[in-house]
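Everything below concerns the one structure shown next.
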Amino acid sequence: MGMLSYERRCAEIVNQTSLLVSTLDGFDLGKQVPSTPDWTVNQLLRHLGHAHRWADEMIREKLPEIDLTRNRAQDVASYAGETAAELGPWLMEGASSLSSALQAVDPNEMIASMGGHPGPRMWSRRMANETVIHRWDVVNALGVPFEIAPEVAQDALREWTDFALPYSFLRWPAETAPLLGPGRTVHLHATDVPAELVIDLTGPRPVVREGHEKAAVALRGPVVELVLAVYRRRPVEGLEVFGDAELLDEFLAGVRF
């Protein structure tokens, strides 16, 4: 299952932000976002822009580890009445600056690291896919069609299994522990690209394998729809579900990010 290069992820931070900005003209950005109901569109855009700036700052200052005290991405409730003319250039400035900062360092340098992973590689991937998902949030709220290159969606799906999945089990152990048990396996099968992942929940923590194998439940569909399903942006209705649908529902409800 292919993954994007470091250079492509750096480029996608800017590309996905540009695609997002291009959809904003003429819309009321004070509209609530169904997939992030606590925020309006402009507040979600501020969230994304502050996330870009947070990662940019940590990379440029070469902090040894992430610094959560600098993260302003959740503090967006005060933003209101903003327009595309204000937010578009601000978003592009932050995305471009982050991309440039990432390209100016060694991808494997141990800065802004988390969990022992090189920060530049982690943040290039995290911010590219953060932008993808929030672009969908915005265009869905505005009623604009969403399109994405299959290889970008593949990367987002694999990052979800590499990052969001283990994060959920570490962050909320009491809530995710019931997902583990004998015979509990979930197969994610893309029908439009060569992407198949098996999530093995039979041990003390999830293990992810690539490839085709029988599982307790399988979810099949276009790769972008699988991404939206695991990120809880769309229901599984309309996708193919084979096997233990109750396990799938429990799994998708329990793994949050």
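By order in the structure tokens, chains are A, B, ...; within a chain, residues start at 1; ligands start at 1, following the order shown.
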Q.
I want to know what sits within 9 Å of A:Gln43, based on only C-alpha atoms, with residues of the same chain fewer than 4 positions away left out; could you give that as a PyMOL selection string?
A. chain A and resi 29-30+39+47-48+76-80+82
**Q.** Nearby residues (only C-alpha atoms) at most 12 Å from A:Thr176, same-chain spacing under 4 positions excluded, as a ChimeraX atom specification
**A.** /A:165-172,180-181,201,204-206,250-256
Q: Using DSSP on the backbone coordinates, identify the residues of stretch 94-234 of chain A assigned to alpha helix (DSSP H); present them as a ChimeraX atom specification.
A: /A:94-103,119-142,150-159,165-171,173-176,223-230
Q: Show which residues sit within 10 Å of A:Ile59, as a ChimeraX atom specification. Count only C-alpha atoms, and ignore same-chain residues fewer than 6 positions away.
A: /A:53,65-66,98,101-102,104-105,109-113,119-120,123
Just the residues within 7 Å of A:Val227, please, counting only C-alpha atoms, with nothing from its chain fewer than 3 positions along; format it as a compact mmCIF listing (two decimals) with N, CA and C atoms, in the first residue's frame.
```
# COMPACT_ATOMS: atom_id res chain seq x y z
N ALA A 153 -5.84 10.06 -0.48
CA ALA A 153 -6.78 9.36 0.41
C ALA A 153 -6.14 8.11 1.00
N ALA A 156 -4.04 9.13 3.84
CA ALA A 156 -4.86 9.50 4.99
C ALA A 156 -5.38 8.26 5.72
N LEU A 157 -5.77 7.24 4.97
CA LEU A 157 -6.27 6.02 5.60
C LEU A 157 -5.17 5.32 6.38
N VAL A 223 -11.71 4.37 -1.55
CA VAL A 223 -10.79 4.69 -0.45
C VAL A 223 -11.18 5.99 0.26
N VAL A 224 -11.64 6.99 -0.49
CA VAL A 224 -12.01 8.25 0.18
C VAL A 224 -13.20 8.03 1.10
N VAL A 230 -13.90 6.09 8.76
CA VAL A 230 -13.09 5.88 9.96
C VAL A 230 -12.92 7.17 10.75
N TYR A 231 -12.97 8.30 10.04
CA TYR A 231 -12.93 9.59 10.74
C TYR A 231 -14.32 10.03 11.23
```
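Among the candidates A:Pro173, A:Pro118, A:Leu228, A:Met127, the one nearest to A:Leu63 when counting only C-alpha atoms is A:Pro118.
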List every residue of stretch 24-238 of chain A that DSSP, applied to the backbone of this structure, assigns to strand (DSSP E), and report them as a tab-separated table (two decimals) with N, CA, C and O atoms, in the first residue's frame.
```
chain	number	residue	atom	x	y	z
A	32	GLN	N	-22.89	26.89	10.81
A	32	GLN	CA	-22.40	25.79	11.64
A	32	GLN	C	-21.89	24.65	10.77
A	32	GLN	O	-22.41	24.41	9.67
A	33	VAL	N	-20.88	23.94	11.26
A	33	VAL	CA	-20.30	22.80	10.54
A	33	VAL	C	-20.90	21.52	11.12
A	33	VAL	O	-20.66	21.20	12.29
A	36	THR	N	-18.41	19.19	12.88
A	36	THR	CA	-17.79	19.78	14.09
A	36	THR	C	-18.79	20.80	14.64
A	36	THR	O	-18.57	22.01	14.54
A	37	PRO	N	-19.89	20.32	15.21
A	37	PRO	CA	-21.05	21.19	15.50
A	37	PRO	C	-20.81	22.30	16.50
A	37	PRO	O	-21.62	23.22	16.59
A	38	ASP	N	-19.72	22.25	17.24
A	38	ASP	CA	-19.43	23.34	18.18
A	38	ASP	C	-18.85	24.56	17.47
A	38	ASP	O	-18.73	25.62	18.09
A	39	TRP	N	-18.48	24.40	16.19
A	39	TRP	CA	-17.80	25.47	15.47
A	39	TRP	C	-18.55	25.88	14.23
A	39	TRP	O	-19.21	25.07	13.57
A	40	THR	N	-18.41	27.17	13.89
A	40	THR	CA	-18.84	27.67	12.59
A	40	THR	C	-17.72	27.43	11.58
A	40	THR	O	-16.60	27.05	11.96
A	185	THR	N	-11.52	-8.81	14.64
A	185	THR	CA	-10.67	-8.28	13.57
A	185	THR	C	-11.54	-7.48	12.61
A	185	THR	O	-12.69	-7.83	12.35
A	186	VAL	N	-10.96	-6.42	12.06
A	186	VAL	CA	-11.68	-5.52	11.15
A	186	VAL	C	-10.85	-5.36	9.89
A	186	VAL	O	-9.65	-5.06	9.95
A	187	HIS	N	-11.49	-5.56	8.75
A	187	HIS	CA	-10.81	-5.47	7.46
A	187	HIS	C	-11.33	-4.25	6.71
A	187	HIS	O	-12.53	-4.14	6.45
A	188	LEU	N	-10.44	-3.32	6.38
A	188	LEU	CA	-10.77	-2.17	5.55
A	188	LEU	C	-10.27	-2.44	4.14
A	188	LEU	O	-9.07	-2.64	3.94
A	189	HIS	N	-11.18	-2.45	3.17
A	189	HIS	CA	-10.85	-2.89	1.81
A	189	HIS	C	-11.29	-1.83	0.81
A	189	HIS	O	-12.48	-1.64	0.57
A	190	ALA	N	-10.33	-1.12	0.24
A	190	ALA	CA	-10.63	-0.14	-0.80
A	190	ALA	C	-10.91	-0.86	-2.11
A	190	ALA	O	-10.22	-1.80	-2.48
A	196	GLU	N	-5.62	-2.48	1.32
A	196	GLU	CA	-6.34	-3.36	2.23
A	196	GLU	C	-5.58	-3.42	3.56
A	196	GLU	O	-4.37	-3.64	3.59
A	197	LEU	N	-6.31	-3.21	4.64
A	197	LEU	CA	-5.72	-3.20	5.97
A	197	LEU	C	-6.56	-4.05	6.90
A	197	LEU	O	-7.79	-3.95	6.92
A	198	VAL	N	-5.90	-4.88	7.69
A	198	VAL	CA	-6.58	-5.68	8.71
A	198	VAL	C	-6.16	-5.17	10.08
A	198	VAL	O	-4.97	-5.08	10.38
A	199	ILE	N	-7.14	-4.82	10.88
A	199	ILE	CA	-6.89	-4.33	12.24
A	199	ILE	C	-7.21	-5.48	13.19
A	199	ILE	O	-8.36	-5.88	13.34
A	200	ASP	N	-6.17	-6.00	13.80
A	200	ASP	CA	-6.28	-7.16	14.68
A	200	ASP	C	-6.42	-6.67	16.12
A	200	ASP	O	-5.51	-6.07	16.69
A	207	VAL	N	-3.10	-4.31	16.31
A	207	VAL	CA	-2.00	-4.57	15.37
A	207	VAL	C	-2.58	-4.44	13.97
A	207	VAL	O	-3.64	-5.00	13.67
A	208	VAL	N	-1.89	-3.71	13.11
A	208	VAL	CA	-2.38	-3.48	11.75
A	208	VAL	C	-1.50	-4.23	10.76
A	208	VAL	O	-0.27	-4.15	10.82
A	209	ARG	N	-2.15	-4.96	9.86
A	209	ARG	CA	-1.44	-5.68	8.80
A	209	ARG	C	-2.00	-5.25	7.45
A	209	ARG	O	-3.20	-5.02	7.32
A	210	GLU	N	-1.13	-5.19	6.47
A	210	GLU	CA	-1.58	-4.95	5.10
A	210	GLU	C	-1.87	-6.28	4.43
A	210	GLU	O	-1.24	-7.29	4.72
A	217	VAL	N	-15.23	-8.75	10.49
A	217	VAL	CA	-16.07	-7.84	9.71
A	217	VAL	C	-15.19	-7.12	8.70
A	217	VAL	O	-14.02	-6.82	8.96
A	218	ALA	N	-15.75	-6.90	7.53
A	218	ALA	CA	-15.05	-6.17	6.47
A	218	ALA	C	-15.88	-4.98	6.03
A	218	ALA	O	-17.11	-5.08	5.91
A	219	LEU	N	-15.21	-3.87	5.80
A	219	LEU	CA	-15.84	-2.66	5.26
A	219	LEU	C	-15.20	-2.38	3.91
A	219	LEU	O	-13.98	-2.18	3.83
A	220	ARG	N	-16.01	-2.36	2.84
A	220	ARG	CA	-15.50	-2.20	1.49
A	220	ARG	C	-16.12	-0.98	0.84
A	220	ARG	O	-17.31	-0.72	0.98
A	221	GLY	N	-15.28	-0.23	0.08
A	221	GLY	CA	-15.78	0.90	-0.66
A	221	GLY	C	-14.63	1.71	-1.21
A	221	GLY	O	-13.46	1.39	-0.98
```
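Between A:Ala84 and the candidates A:Ala195, A:Ile133, A:Leu24, A:Ala11, the tightest atom-to-atom separation, counting only C-alpha atoms, involves A:Leu24.
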Q.
Could you check the closest approach to A:Val152 for each of A:Ser35, A:Gln103, A:Asn140, A:Thr131 and tell me which residue wins, using only C-alpha atoms?
A. A:Thr131
